[in-house]
file data_38.pdb (PDB, C-alpha atoms and all ligand atoms)
MODEL        1
ATOM      1  CA  MET A   1      23.357  -0.288   9.032  1.00  0.00           C
ATOM      2  CA  ASP A   2      23.715  -0.781   5.213  1.00  0.00           C
ATOM      3  CA  LYS A   3      21.719   1.448   2.868  1.00  0.00           C
ATOM      4  CA  HIS A   4      19.034  -0.270   0.770  1.00  0.00           C
ATOM      5  CA  TYR A   5      18.106   0.490  -2.864  1.00  0.00           C
ATOM      6  CA  LYS A   6      17.329   4.232  -3.197  1.00  0.00           C
ATOM      7  CA  TRP A   7      13.870   4.701  -4.709  1.00  0.00           C
ATOM      8  CA  ASP A   8      13.260   7.414  -7.344  1.00  0.00           C
ATOM      9  CA  VAL A   9      11.253  10.552  -6.585  1.00  0.00           C
ATOM     10  CA  ILE A  10       7.967   9.270  -8.109  1.00  0.00           C
ATOM     11  CA  VAL A  11       8.009   6.110  -5.973  1.00  0.00           C
ATOM     12  CA  ARG A  12       8.864   8.110  -2.837  1.00  0.00           C
ATOM     13  CA  ILE A  13       6.255  10.861  -3.351  1.00  0.00           C
ATOM     14  CA  THR A  14       3.435   8.460  -4.281  1.00  0.00           C
ATOM     15  CA  HIS A  15       4.348   6.137  -1.364  1.00  0.00           C
ATOM     16  CA  TRP A  16       4.176   8.825   1.305  1.00  0.00           C
ATOM     17  CA  ALA A  17       1.085  10.405  -0.303  1.00  0.00           C
ATOM     18  CA  VAL A  18      -0.774   7.059  -0.272  1.00  0.00           C
ATOM     19  CA  ALA A  19       0.431   6.261   3.274  1.00  0.00           C
ATOM     20  CA  GLY A  20      -0.561   9.673   4.709  1.00  0.00           C
ATOM     21  CA  LEU A  21      -3.909   9.811   2.901  1.00  0.00           C
ATOM     22  CA  PHE A  22      -4.782   6.237   3.920  1.00  0.00           C
ATOM     23  CA  PHE A  23      -4.189   7.004   7.607  1.00  0.00           C
ATOM     24  CA  ALA A  24      -6.137  10.280   7.205  1.00  0.00           C
ATOM     25  CA  ASN A  25      -9.179   8.442   5.820  1.00  0.00           C
ATOM     26  CA  TYR A  26      -8.941   5.597   8.326  1.00  0.00           C
ATOM     27  CA  PHE A  27      -8.456   7.699  11.460  1.00  0.00           C
ATOM     28  CA  VAL A  28      -9.184  11.371  10.837  1.00  0.00           C
ATOM     29  CA  THR A  29     -11.751  12.334   8.173  1.00  0.00           C
ATOM     30  CA  GLU A  30     -15.467  12.012   8.859  1.00  0.00           C
ATOM     31  CA  GLU A  31     -16.717   8.752   7.297  1.00  0.00           C
ATOM     32  CA  GLY A  32     -18.515   9.391   4.019  1.00  0.00           C
ATOM     33  CA  SER A  33     -17.882  13.180   4.116  1.00  0.00           C
ATOM     34  CA  GLU A  34     -16.868  15.119   0.995  1.00  0.00           C
ATOM     35  CA  ILE A  35     -13.270  15.411   2.231  1.00  0.00           C
ATOM     36  CA  HIS A  36     -13.236  11.636   2.916  1.00  0.00           C
ATOM     37  CA  GLU A  37     -14.318  11.024  -0.671  1.00  0.00           C
ATOM     38  CA  TRP A  38     -11.713  13.400  -2.145  1.00  0.00           C
ATOM     39  CA  VAL A  39      -8.951  11.868  -0.039  1.00  0.00           C
ATOM     40  CA  GLY A  40     -10.011   8.476  -1.460  1.00  0.00           C
ATOM     41  CA  TYR A  41      -9.873   9.827  -5.044  1.00  0.00           C
ATOM     42  CA  CYS A  42      -6.380  11.260  -4.365  1.00  0.00           C
ATOM     43  CA  ILE A  43      -5.278   7.785  -3.212  1.00  0.00           C
ATOM     44  CA  ILE A  44      -6.535   6.310  -6.494  1.00  0.00           C
ATOM     45  CA  GLY A  45      -4.789   9.118  -8.439  1.00  0.00           C
ATOM     46  CA  SER A  46      -1.457   8.498  -6.658  1.00  0.00           C
ATOM     47  CA  ILE A  47      -1.660   4.741  -7.301  1.00  0.00           C
ATOM     48  CA  VAL A  48      -2.512   5.306 -10.988  1.00  0.00           C
ATOM     49  CA  ILE A  49       0.530   7.637 -11.361  1.00  0.00           C
ATOM     50  CA  ARG A  50       2.707   4.972  -9.687  1.00  0.00           C
ATOM     51  CA  LEU A  51       1.336   2.172 -11.912  1.00  0.00           C
ATOM     52  CA  VAL A  52       1.867   4.194 -15.110  1.00  0.00           C
ATOM     53  CA  TRP A  53       5.438   4.927 -13.932  1.00  0.00           C
ATOM     54  CA  GLY A  54       5.841   1.194 -13.304  1.00  0.00           C
ATOM     55  CA  ILE A  55       4.965   0.530 -16.939  1.00  0.00           C
ATOM     56  CA  VAL A  56       7.286   3.136 -18.526  1.00  0.00           C
ATOM     57  CA  THR A  57      10.394   3.007 -16.286  1.00  0.00           C
ATOM     58  CA  ARG A  58      13.233   0.524 -16.849  1.00  0.00           C
ATOM     59  CA  SER A  59      14.414   0.743 -13.205  1.00  0.00           C
ATOM     60  CA  PRO A  60      13.600  -1.743 -10.381  1.00  0.00           C
ATOM     61  CA  ALA A  61      10.366   0.267  -9.932  1.00  0.00           C
ATOM     62  CA  ARG A  62       9.107  -1.427 -13.138  1.00  0.00           C
ATOM     63  CA  LEU A  63       5.999  -3.488 -12.305  1.00  0.00           C
ATOM     64  CA  SER A  64       7.340  -6.568 -14.102  1.00  0.00           C
ATOM     65  CA  ALA A  65      10.436  -6.451 -11.810  1.00  0.00           C
ATOM     66  CA  PHE A  66       8.346  -7.459  -8.780  1.00  0.00           C
ATOM     67  CA  LYS A  67       5.566  -9.790  -9.903  1.00  0.00           C
ATOM     68  CA  PRO A  68       3.802 -11.315  -6.874  1.00  0.00           C
ATOM     69  CA  SER A  69       4.640 -14.973  -6.189  1.00  0.00           C
ATOM     70  CA  VAL A  70       3.834 -16.588  -2.838  1.00  0.00           C
ATOM     71  CA  THR A  71       6.234 -19.478  -3.556  1.00  0.00           C
ATOM     72  CA  GLN A  72       9.123 -17.073  -4.233  1.00  0.00           C
ATOM     73  CA  ALA A  73       8.161 -15.022  -1.172  1.00  0.00           C
ATOM     74  CA  VAL A  74       8.311 -18.080   1.122  1.00  0.00           C
ATOM     75  CA  THR A  75      11.624 -19.256  -0.415  1.00  0.00           C
ATOM     76  CA  HIS A  76      13.077 -15.756  -0.042  1.00  0.00           C
ATOM     77  CA  LEU A  77      11.970 -15.423   3.592  1.00  0.00           C
ATOM     78  CA  SER A  78      13.460 -18.799   4.552  1.00  0.00           C
ATOM     79  CA  GLU A  79      16.756 -17.791   2.852  1.00  0.00           C
ATOM     80  CA  VAL A  80      16.799 -14.482   4.736  1.00  0.00           C
ATOM     81  CA  ILE A  81      16.089 -16.257   8.037  1.00  0.00           C
ATOM     82  CA  SER A  82      18.978 -18.685   7.543  1.00  0.00           C
ATOM     83  CA  THR A  83      21.541 -16.294   5.954  1.00  0.00           C
ATOM     84  CA  ARG A  84      20.463 -12.907   7.412  1.00  0.00           C
ATOM     85  CA  VAL A  85      21.136 -11.443   3.954  1.00  0.00           C
ATOM     86  CA  ASP A  86      18.663  -9.823   1.538  1.00  0.00           C
ATOM     87  CA  ALA A  87      20.563  -9.423  -1.733  1.00  0.00           C
ATOM     88  CA  SER A  88      17.518  -8.168  -3.711  1.00  0.00           C
ATOM     89  CA  VAL A  89      17.863  -4.938  -5.695  1.00  0.00           C
ATOM     90  CA  GLY A  90      14.514  -3.156  -5.430  1.00  0.00           C
ATOM     91  CA  HIS A  91      11.559  -4.920  -3.796  1.00  0.00           C
ATOM     92  CA  ASN A  92      12.270  -8.403  -2.451  1.00  0.00           C
ATOM     93  CA  PRO A  93       9.768 -11.206  -3.353  1.00  0.00           C
ATOM     94  CA  ALA A  94       8.025 -11.041   0.053  1.00  0.00           C
ATOM     95  CA  GLY A  95       7.647  -7.262  -0.219  1.00  0.00           C
ATOM     96  CA  ALA A  96       6.267  -7.720  -3.742  1.00  0.00           C
ATOM     97  CA  VAL A  97       3.360  -9.884  -2.498  1.00  0.00           C
ATOM     98  CA  MET A  98       2.454  -7.341   0.196  1.00  0.00           C
ATOM     99  CA  ILE A  99       2.716  -4.386  -2.202  1.00  0.00           C
ATOM    100  CA  TRP A 100       0.278  -5.902  -4.720  1.00  0.00           C
ATOM    101  CA  LEU A 101      -2.051  -6.886  -1.853  1.00  0.00           C
ATOM    102  CA  MET A 102      -2.018  -3.309  -0.519  1.00  0.00           C
ATOM    103  CA  TRP A 103      -2.613  -1.778  -3.958  1.00  0.00           C
ATOM    104  CA  CYS A 104      -5.558  -4.168  -4.598  1.00  0.00           C
ATOM    105  CA  GLY A 105      -6.948  -3.488  -1.091  1.00  0.00           C
ATOM    106  CA  LEU A 106      -6.690   0.290  -1.512  1.00  0.00           C
ATOM    107  CA  LEU A 107      -8.340   0.247  -4.935  1.00  0.00           C
ATOM    108  CA  ALA A 108     -11.124  -2.096  -3.741  1.00  0.00           C
ATOM    109  CA  THR A 109     -11.718   0.150  -0.688  1.00  0.00           C
ATOM    110  CA  ALA A 110     -11.935   3.318  -2.759  1.00  0.00           C
ATOM    111  CA  VAL A 111     -14.122   1.750  -5.486  1.00  0.00           C
ATOM    112  CA  THR A 112     -16.601   0.251  -2.978  1.00  0.00           C
ATOM    113  CA  GLY A 113     -16.670   3.617  -1.128  1.00  0.00           C
ATOM    114  CA  TRP A 114     -17.585   5.302  -4.400  1.00  0.00           C
ATOM    115  CA  MET A 115     -20.222   2.604  -5.089  1.00  0.00           C
ATOM    116  CA  ALA A 116     -21.802   3.231  -1.663  1.00  0.00           C
ATOM    117  CA  HIS A 117     -21.702   6.988  -2.318  1.00  0.00           C
ATOM    118  CA  VAL A 118     -23.602   6.743  -5.634  1.00  0.00           C
ATOM    119  CA  GLU A 119     -25.871   4.016  -4.177  1.00  0.00           C
ATOM    120  CA  LEU A 120     -25.043   1.754  -7.101  1.00  0.00           C
ATOM    121  CA  MET A 121     -28.091  -0.280  -8.181  1.00  0.00           C
ATOM    122  CA  GLY A 122     -29.996   1.075  -5.171  1.00  0.00           C
ATOM    123  CA  TYR A 123     -27.693  -0.611  -2.607  1.00  0.00           C
ATOM    124  CA  LYS A 124     -26.174   1.541   0.112  1.00  0.00           C
ATOM    125  CA  ASP A 125     -25.969  -0.240   3.477  1.00  0.00           C
ATOM    126  CA  GLY A 126     -24.543  -3.480   2.043  1.00  0.00           C
ATOM    127  CA  LEU A 127     -21.966  -1.521   0.026  1.00  0.00           C
ATOM    128  CA  LYS A 128     -20.983   0.512   3.105  1.00  0.00           C
ATOM    129  CA  GLU A 129     -20.325  -2.745   4.955  1.00  0.00           C
ATOM    130  CA  ILE A 130     -18.266  -4.154   2.081  1.00  0.00           C
ATOM    131  CA  HIS A 131     -16.346  -0.843   1.973  1.00  0.00           C
ATOM    132  CA  GLU A 132     -15.646  -1.150   5.713  1.00  0.00           C
ATOM    133  CA  VAL A 133     -14.461  -4.767   5.321  1.00  0.00           C
ATOM    134  CA  PHE A 134     -12.011  -3.746   2.544  1.00  0.00           C
ATOM    135  CA  ALA A 135     -10.774  -0.766   4.596  1.00  0.00           C
ATOM    136  CA  ASN A 136     -10.100  -3.085   7.576  1.00  0.00           C
ATOM    137  CA  LEU A 137      -8.422  -5.803   5.457  1.00  0.00           C
ATOM    138  CA  THR A 138      -6.186  -3.140   3.893  1.00  0.00           C
ATOM    139  CA  PHE A 139      -5.370  -1.852   7.366  1.00  0.00           C
ATOM    140  CA  ILE A 140      -4.242  -5.364   8.383  1.00  0.00           C
ATOM    141  CA  ALA A 141      -2.035  -5.615   5.249  1.00  0.00           C
ATOM    142  CA  VAL A 142      -0.517  -2.194   6.051  1.00  0.00           C
ATOM    143  CA  ALA A 143       0.213  -3.267   9.650  1.00  0.00           C
ATOM    144  CA  VAL A 144       1.963  -6.412   8.370  1.00  0.00           C
ATOM    145  CA  HIS A 145       3.888  -4.227   5.861  1.00  0.00           C
ATOM    146  CA  ILE A 146       5.171  -1.857   8.565  1.00  0.00           C
ATOM    147  CA  CYS A 147       6.095  -4.747  10.910  1.00  0.00           C
ATOM    148  CA  ALA A 148       7.868  -6.493   7.993  1.00  0.00           C
ATOM    149  CA  VAL A 149       9.965  -3.391   7.252  1.00  0.00           C
ATOM    150  CA  ILE A 150      11.045  -3.249  10.922  1.00  0.00           C
ATOM    151  CA  VAL A 151      11.724  -7.005  11.277  1.00  0.00           C
ATOM    152  CA  MET A 152      13.562  -7.323   7.932  1.00  0.00           C
ATOM    153  CA  SER A 153      15.740  -4.289   8.782  1.00  0.00           C
ATOM    154  CA  ARG A 154      16.739  -5.968  12.058  1.00  0.00           C
ATOM    155  CA  TRP A 155      17.325  -9.411  10.529  1.00  0.00           C
ATOM    156  CA  THR A 156      19.446  -8.151   7.607  1.00  0.00           C
ATOM    157  CA  ASN A 157      20.942  -5.017   9.172  1.00  0.00           C
ATOM    158  CA  ARG A 158      19.834  -3.065   6.067  1.00  0.00           C
ATOM    159  CA  SER A 159      17.906   0.200   6.217  1.00  0.00           C
ATOM    160  CA  TYR A 160      14.881  -0.278   3.928  1.00  0.00           C
ATOM    161  CA  LEU A 161      13.437   2.989   5.207  1.00  0.00           C
ATOM    162  CA  SER A 162      16.378   5.165   4.111  1.00  0.00           C
ATOM    163  CA  GLY A 163      15.778   4.137   0.478  1.00  0.00           C
ATOM    164  CA  MET A 164      12.197   5.406   0.762  1.00  0.00           C
ATOM    165  CA  LEU A 165      13.171   8.676   2.467  1.00  0.00           C
ATOM    166  CA  LYS A 166      15.801  10.366   0.215  1.00  0.00           C
TER
HETATM  167  C1  LIG B 201       4.743   4.887   8.378  1.00  0.00           C
HETATM  168  C2  LIG B 201       4.759   3.697   8.003  1.00  0.00           C
HETATM  169  C3  LIG B 201       5.427   3.143   6.761  1.00  0.00           C
HETATM  170  C4  LIG B 201       6.731   2.844   6.566  1.00  0.00           C
HETATM  171  C5  LIG B 201       7.880   3.028   7.541  1.00  0.00           C
HETATM  172  C6  LIG B 201       6.850   2.286   5.239  1.00  0.00           C
HETATM  173  C7  LIG B 201       8.025   1.877   4.659  1.00  0.00           C
HETATM  174  C8  LIG B 201       8.161   1.383   3.384  1.00  0.00           C
HETATM  175  C9  LIG B 201       9.408   0.985   2.782  1.00  0.00           C
HETATM  176  C10 LIG B 201      10.765   1.059   3.467  1.00  0.00           C
HETATM  177  C11 LIG B 201       9.138   0.556   1.537  1.00  0.00           C
HETATM  178  C12 LIG B 201      10.165   0.015   0.523  1.00  0.00           C
HETATM  179  C13 LIG B 201      10.361  -1.453   0.767  1.00  0.00           C
HETATM  180  C14 LIG B 201      11.458  -2.012  -0.114  1.00  0.00           C
HETATM  181  O1  LIG B 201      12.558  -1.462  -0.114  1.00  0.00           O
HETATM  182  O2  LIG B 201      11.188  -2.993  -0.832  1.00  0.00           O
HETATM  183  C15 LIG B 201       7.711   0.669   1.321  1.00  0.00           C
HETATM  184  C16 LIG B 201       7.054   0.355   0.148  1.00  0.00           C
HETATM  185  C17 LIG B 201       5.695   0.434  -0.003  1.00  0.00           C
HETATM  186  N1  LIG B 201       4.770   0.782   0.975  1.00  0.00           N
HETATM  187 FE1  LIG B 201       5.190   1.498   2.803  1.00  0.00          FE
HETATM  188  N2  LIG B 201       5.618   2.251   4.647  1.00  0.00           N
HETATM  189  C18 LIG B 201       4.713   2.782   5.540  1.00  0.00           C
HETATM  190  C19 LIG B 201       3.365   2.940   5.361  1.00  0.00           C
HETATM  191  C20 LIG B 201       2.677   2.491   4.262  1.00  0.00           C
HETATM  192  C21 LIG B 201       1.244   2.591   4.106  1.00  0.00           C
HETATM  193  C22 LIG B 201       0.287   3.200   5.134  1.00  0.00           C
HETATM  194  C23 LIG B 201       0.953   2.053   2.895  1.00  0.00           C
HETATM  195  C24 LIG B 201      -0.383   1.883   2.218  1.00  0.00           C
HETATM  196  C25 LIG B 201      -1.470   2.471   2.576  1.00  0.00           C
HETATM  197  C26 LIG B 201       2.203   1.619   2.287  1.00  0.00           C
HETATM  198  C27 LIG B 201       2.319   1.038   1.054  1.00  0.00           C
HETATM  199  C28 LIG B 201       3.516   0.741   0.421  1.00  0.00           C
HETATM  200  C29 LIG B 201       3.617   0.363  -0.973  1.00  0.00           C
HETATM  201  C30 LIG B 201       2.440   0.204  -1.957  1.00  0.00           C
HETATM  202  C31 LIG B 201       4.985   0.189  -1.239  1.00  0.00           C
HETATM  203  C32 LIG B 201       5.619  -0.093  -2.592  1.00  0.00           C
HETATM  204  C33 LIG B 201       6.123   1.245  -3.122  1.00  0.00           C
HETATM  205  C34 LIG B 201       6.265   1.295  -4.637  1.00  0.00           C
HETATM  206  O3  LIG B 201       6.948   0.459  -5.226  1.00  0.00           O
HETATM  207  O4  LIG B 201       5.657   2.224  -5.220  1.00  0.00           O
HETATM  208  N3  LIG B 201       3.233   1.908   3.149  1.00  0.00           N
HETATM  209  N4  LIG B 201       7.137   1.164   2.472  1.00  0.00           N
HETATM  210  C1  LIG B 202      -8.827   4.074   0.312  1.00  0.00           C
HETATM  211  C2  LIG B 202      -9.557   5.079   0.735  1.00  0.00           C
HETATM  212  C3  LIG B 202     -10.629   4.964   1.788  1.00  0.00           C
HETATM  213  C4  LIG B 202     -10.550   4.489   3.079  1.00  0.00           C
HETATM  214  C5  LIG B 202      -9.322   3.950   3.811  1.00  0.00           C
HETATM  215  C6  LIG B 202     -11.880   4.567   3.642  1.00  0.00           C
HETATM  216  C7  LIG B 202     -12.225   4.174   4.931  1.00  0.00           C
HETATM  217  C8  LIG B 202     -13.491   4.215   5.456  1.00  0.00           C
HETATM  218  C9  LIG B 202     -13.861   3.761   6.765  1.00  0.00           C
HETATM  219  C10 LIG B 202     -12.891   3.138   7.795  1.00  0.00           C
HETATM  220  C11 LIG B 202     -15.196   3.973   6.918  1.00  0.00           C
HETATM  221  C12 LIG B 202     -16.041   3.635   8.152  1.00  0.00           C
HETATM  222  C13 LIG B 202     -16.795   2.344   7.946  1.00  0.00           C
HETATM  223  C14 LIG B 202     -17.701   2.086   9.110  1.00  0.00           C
HETATM  224  O1  LIG B 202     -17.200   1.879  10.229  1.00  0.00           O
HETATM  225  O2  LIG B 202     -18.919   2.077   8.889  1.00  0.00           O
HETATM  226  C15 LIG B 202     -15.694   4.551   5.694  1.00  0.00           C
HETATM  227  C16 LIG B 202     -17.012   4.900   5.446  1.00  0.00           C
HETATM  228  C17 LIG B 202     -17.476   5.422   4.263  1.00  0.00           C
HETATM  229  N1  LIG B 202     -16.719   5.797   3.175  1.00  0.00           N
HETATM  230 FE1  LIG B 202     -14.746   5.458   2.952  1.00  0.00          FE
HETATM  231  N2  LIG B 202     -12.739   5.105   2.698  1.00  0.00           N
HETATM  232  C18 LIG B 202     -12.002   5.359   1.552  1.00  0.00           C
HETATM  233  C19 LIG B 202     -12.459   5.897   0.355  1.00  0.00           C
HETATM  234  C20 LIG B 202     -13.772   6.283   0.116  1.00  0.00           C
HETATM  235  C21 LIG B 202     -14.274   6.869  -1.122  1.00  0.00           C
HETATM  236  C22 LIG B 202     -13.424   7.123  -2.377  1.00  0.00           C
HETATM  237  C23 LIG B 202     -15.602   7.102  -0.952  1.00  0.00           C
HETATM  238  C24 LIG B 202     -16.643   7.684  -1.889  1.00  0.00           C
HETATM  239  C25 LIG B 202     -16.410   8.272  -3.040  1.00  0.00           C
HETATM  240  C26 LIG B 202     -15.948   6.676   0.398  1.00  0.00           C
HETATM  241  C27 LIG B 202     -17.220   6.745   0.951  1.00  0.00           C
HETATM  242  C28 LIG B 202     -17.575   6.279   2.178  1.00  0.00           C
HETATM  243  C29 LIG B 202     -18.957   6.223   2.651  1.00  0.00           C
HETATM  244  C30 LIG B 202     -20.194   6.667   1.887  1.00  0.00           C
HETATM  245  C31 LIG B 202     -18.885   5.673   3.960  1.00  0.00           C
HETATM  246  C32 LIG B 202     -20.061   5.373   4.891  1.00  0.00           C
HETATM  247  C33 LIG B 202     -20.389   6.533   5.752  1.00  0.00           C
HETATM  248  C34 LIG B 202     -21.599   6.225   6.591  1.00  0.00           C
HETATM  249  O3  LIG B 202     -21.569   5.264   7.377  1.00  0.00           O
HETATM  250  O4  LIG B 202     -22.577   6.946   6.390  1.00  0.00           O
HETATM  251  N3  LIG B 202     -14.810   6.192   1.026  1.00  0.00           N
HETATM  252  N4  LIG B 202     -14.640   4.709   4.823  1.00  0.00           N
ENDMDL
END
call {"tool": "encode", "arguments": {"input": "data_38.pdb", "output": "structure tokens"}}
result
Amino acid sequence: MDKHYKWDVIVRITHWAVAGLFFANYFVTEEGSEIHEWVGYCIIGSIVIRLVWGIVTRSPARLSAFKPSVTQAVTHLSEVISTRVDASVGHNPAGAVMIWLMWCGLLATAVTGWMAHVELMGYKDGLKEIHEVFANLTFIAVAVHICAVIVMSRWTNRSYLSGMLK
């Protein structure tokens, strides 16, 4: 299987930190506990580091190198289906849409969790429910992301995962 683009150390560390911490908060930590809250803040911190890196770097990790476009994502996917080739360097246009969706979902989940915690404007139960909805929507996006990595690797015979490992 061909190697894919090899991501730099900041992308790799922040990716696996966000992935591990997300699963920890979704499946392991006690909902609303202090550790749950700190795990959420660490997710925000990792994403902020990644976004700042995406502004300063000139590599394919630069944010402007993978702007989300649904039209380009659909065109790219139909090309990959017919040619079985993904010639993108860095994130492909379909990956780009999912990545921005996941970042927005993670930030919205953490911010609404914090809002429920401080009982913003006296609301707590409604905010908890909104927090839960964002956590579940993000979970769906993550599931699609993982399935997409597997399916795209099979279709194109390229190892996307190896570029994110070392
Ligand atoms: C264990 C399961 C996972 C695997 C195998 C995996 C694999 C990957 C791979 C291979 C890429 C690079 C895709 C490319 O080359 O364009 C990637 C990127 C990404 N993944 Fe995952 N991922 C996993 C879990 C997660 C989770 C749980 C999240 C979010 C909570 C996540 C969020 C992201 C994001 C935001 C990127 C973009 C990275 C960046 O540019 O900083 N992934 N993932
Ligand atoms: C992206 C990170 C986070 C994820 C994935 C996440 C996930 C979840 C999930 C799945 C629940 C259970 C919802 C339910 O079934 O009722 C929950 C509850 C909660 N979370 Fe989070 N959360 C995150 C970040 C945060 C943060 C940063 C805070 C606060 C600073 C927070 C505070 C809470 C509170 C107060 C509850 C409600 C607990 C209760 O029912 O008493 N969360 N979270």
call {"tool": "resolve_selection", "arguments": {"input": "data_38.pdb", "expression": "the PyMOL selection byres (((chain A and resi 105) around 10) and not hetatm)", "output": "PyMOL selection string"}}
result
chain A and resi 99-104+106-111+133-139+141-142
call {"tool": "atom_distance", "arguments": {"input": "data_38.pdb", "atom1": "atom CA of A:Tyr41", "atom2": "atom C1 of ligand LIG 202 (chain B)"}}
result
7.9 Å
call {"tool": "closest_residue", "arguments": {"input": "data_38.pdb", "among": "A:Pro68, A:Gly122, A:Pro60, A:Gly45", "to": "ligand LIG 201 (chain B)", "atoms": "only C-alpha atoms and all ligand atoms"}}
result
A:Pro60
call {"tool": "closest_residue", "arguments": {"input": "data_38.pdb", "among": "A:Met98, A:His117, A:Trp7, A:Met164", "to": "A:Ala143", "atoms": "all atoms listed in the file"}}
result
A:Met98
call {"tool": "resolve_selection", "arguments": {"input": "data_38.pdb", "expression": "the PyMOL selection byres (((chain A and resi 115) around 12) and not hetatm)", "output": "JSON, numbers by chain"}}
result
{"A": [32, 37, 108, 109, 110, 111, 112, 113, 114, 116, 117, 118, 119, 120, 121, 122, 123, 124, 125, 126, 127, 128, 129, 130, 131]}
call {"tool": "write_last_selection", "arguments": {"input": "data_38.pdb", "atoms": "C-alpha atoms", "output": "compact mmCIF listing (two decimals), keeping the file's coordinate frame"}}
result
# COMPACT_ATOMS: atom_id res chain seq x y z
CA GLY A 32 -18.52 9.39 4.02
CA GLU A 37 -14.32 11.02 -0.67
CA ALA A 108 -11.12 -2.10 -3.74
CA THR A 109 -11.72 0.15 -0.69
CA ALA A 110 -11.94 3.32 -2.76
CA VAL A 111 -14.12 1.75 -5.49
CA THR A 112 -16.60 0.25 -2.98
CA GLY A 113 -16.67 3.62 -1.13
CA TRP A 114 -17.58 5.30 -4.40
CA ALA A 116 -21.80 3.23 -1.66
CA HIS A 117 -21.70 6.99 -2.32
CA VAL A 118 -23.60 6.74 -5.63
CA GLU A 119 -25.87 4.02 -4.18
CA LEU A 120 -25.04 1.75 -7.10
CA MET A 121 -28.09 -0.28 -8.18
CA GLY A 122 -30.00 1.08 -5.17
CA TYR A 123 -27.69 -0.61 -2.61
CA LYS A 124 -26.17 1.54 0.11
CA ASP A 125 -25.97 -0.24 3.48
CA GLY A 126 -24.54 -3.48 2.04
CA LEU A 127 -21.97 -1.52 0.03
CA LYS A 128 -20.98 0.51 3.10
CA GLU A 129 -20.32 -2.74 4.96
CA ILE A 130 -18.27 -4.15 2.08
CA HIS A 131 -16.35 -0.84 1.97
call {"tool": "atom_distance", "arguments": {"input": "data_38.pdb", "atom1": "atom CA of A:Val28", "atom2": "atom C32 of ligand LIG 201 (chain B)"}}
result
23.0 Å
call {"tool": "residues_around", "arguments": {"input": "data_38.pdb", "residues": "A:Trp53", "least_positions_apart": "4", "cutoff": "10 Å", "atoms": "all atoms listed in the file", "output": "ChimeraX atom specification"}}
result
/A:10-11,47-49,57-59,61-63
call {"tool": "closest_residue", "arguments": {"input": "data_38.pdb", "among": "A:Leu161, A:Val80, A:Ile150, A:Ala17", "to": "ligand LIG 201 (chain B)", "atoms": "all atoms listed in the file"}}
result
A:Leu161
call {"tool": "closest_residue", "arguments": {"input": "data_38.pdb", "among": "A:Ile146, A:Ala24, A:Ile43, A:Val151", "to": "ligand LIG 201 (chain B)", "atoms": "all atoms listed in the file"}}
result
A:Ile146
call {"tool": "decode", "arguments": {"input": "data_38.pdb", "residues": "stretch 97-121 of chain A", "atoms": "C-alpha atoms", "output": "mmCIF file, in the first residue's frame"}}
result
data_model
loop_
_atom_site.group_PDB
_atom_site.id
_atom_site.type_symbol
_atom_site.label_atom_id
_atom_site.label_comp_id
_atom_site.auth_asym_id
_atom_site.auth_seq_id
_atom_site.Cartn_x
_atom_site.Cartn_y
_atom_site.Cartn_z
ATOM 1 C CA VAL A 97 -15.159 19.232 5.019
ATOM 2 C CA MET A 98 -15.174 16.567 7.747
ATOM 3 C CA ILE A 99 -12.208 18.117 9.579
ATOM 4 C CA TRP A 100 -13.854 21.553 9.836
ATOM 5 C CA LEU A 101 -17.134 19.890 10.881
ATOM 6 C CA MET A 102 -15.344 17.960 13.646
ATOM 7 C CA TRP A 103 -13.464 21.035 14.889
ATOM 8 C CA CYS A 104 -16.719 23.080 14.989
ATOM 9 C CA GLY A 105 -18.553 20.189 16.712
ATOM 10 C CA LEU A 106 -15.817 19.761 19.330
ATOM 11 C CA LEU A 107 -15.654 23.481 20.092
ATOM 12 C CA ALA A 108 -19.467 23.773 20.277
ATOM 13 C CA THR A 109 -19.598 20.729 22.608
ATOM 14 C CA ALA A 110 -16.943 22.100 24.942
ATOM 15 C CA VAL A 111 -18.374 25.654 24.978
ATOM 16 C CA THR A 112 -21.945 24.470 25.706
ATOM 17 C CA GLY A 113 -20.554 22.140 28.425
ATOM 18 C CA TRP A 114 -18.855 25.139 30.007
ATOM 19 C CA MET A 115 -22.080 27.185 29.669
ATOM 20 C CA ALA A 116 -24.045 24.443 31.472
ATOM 21 C CA HIS A 117 -21.340 24.289 34.158
ATOM 22 C CA VAL A 118 -21.512 28.032 34.944
ATOM 23 C CA GLU A 119 -25.325 27.983 34.526
ATOM 24 C CA LEU A 120 -25.096 30.833 32.039
ATOM 25 C CA MET A 121 -28.027 33.251 32.435
#
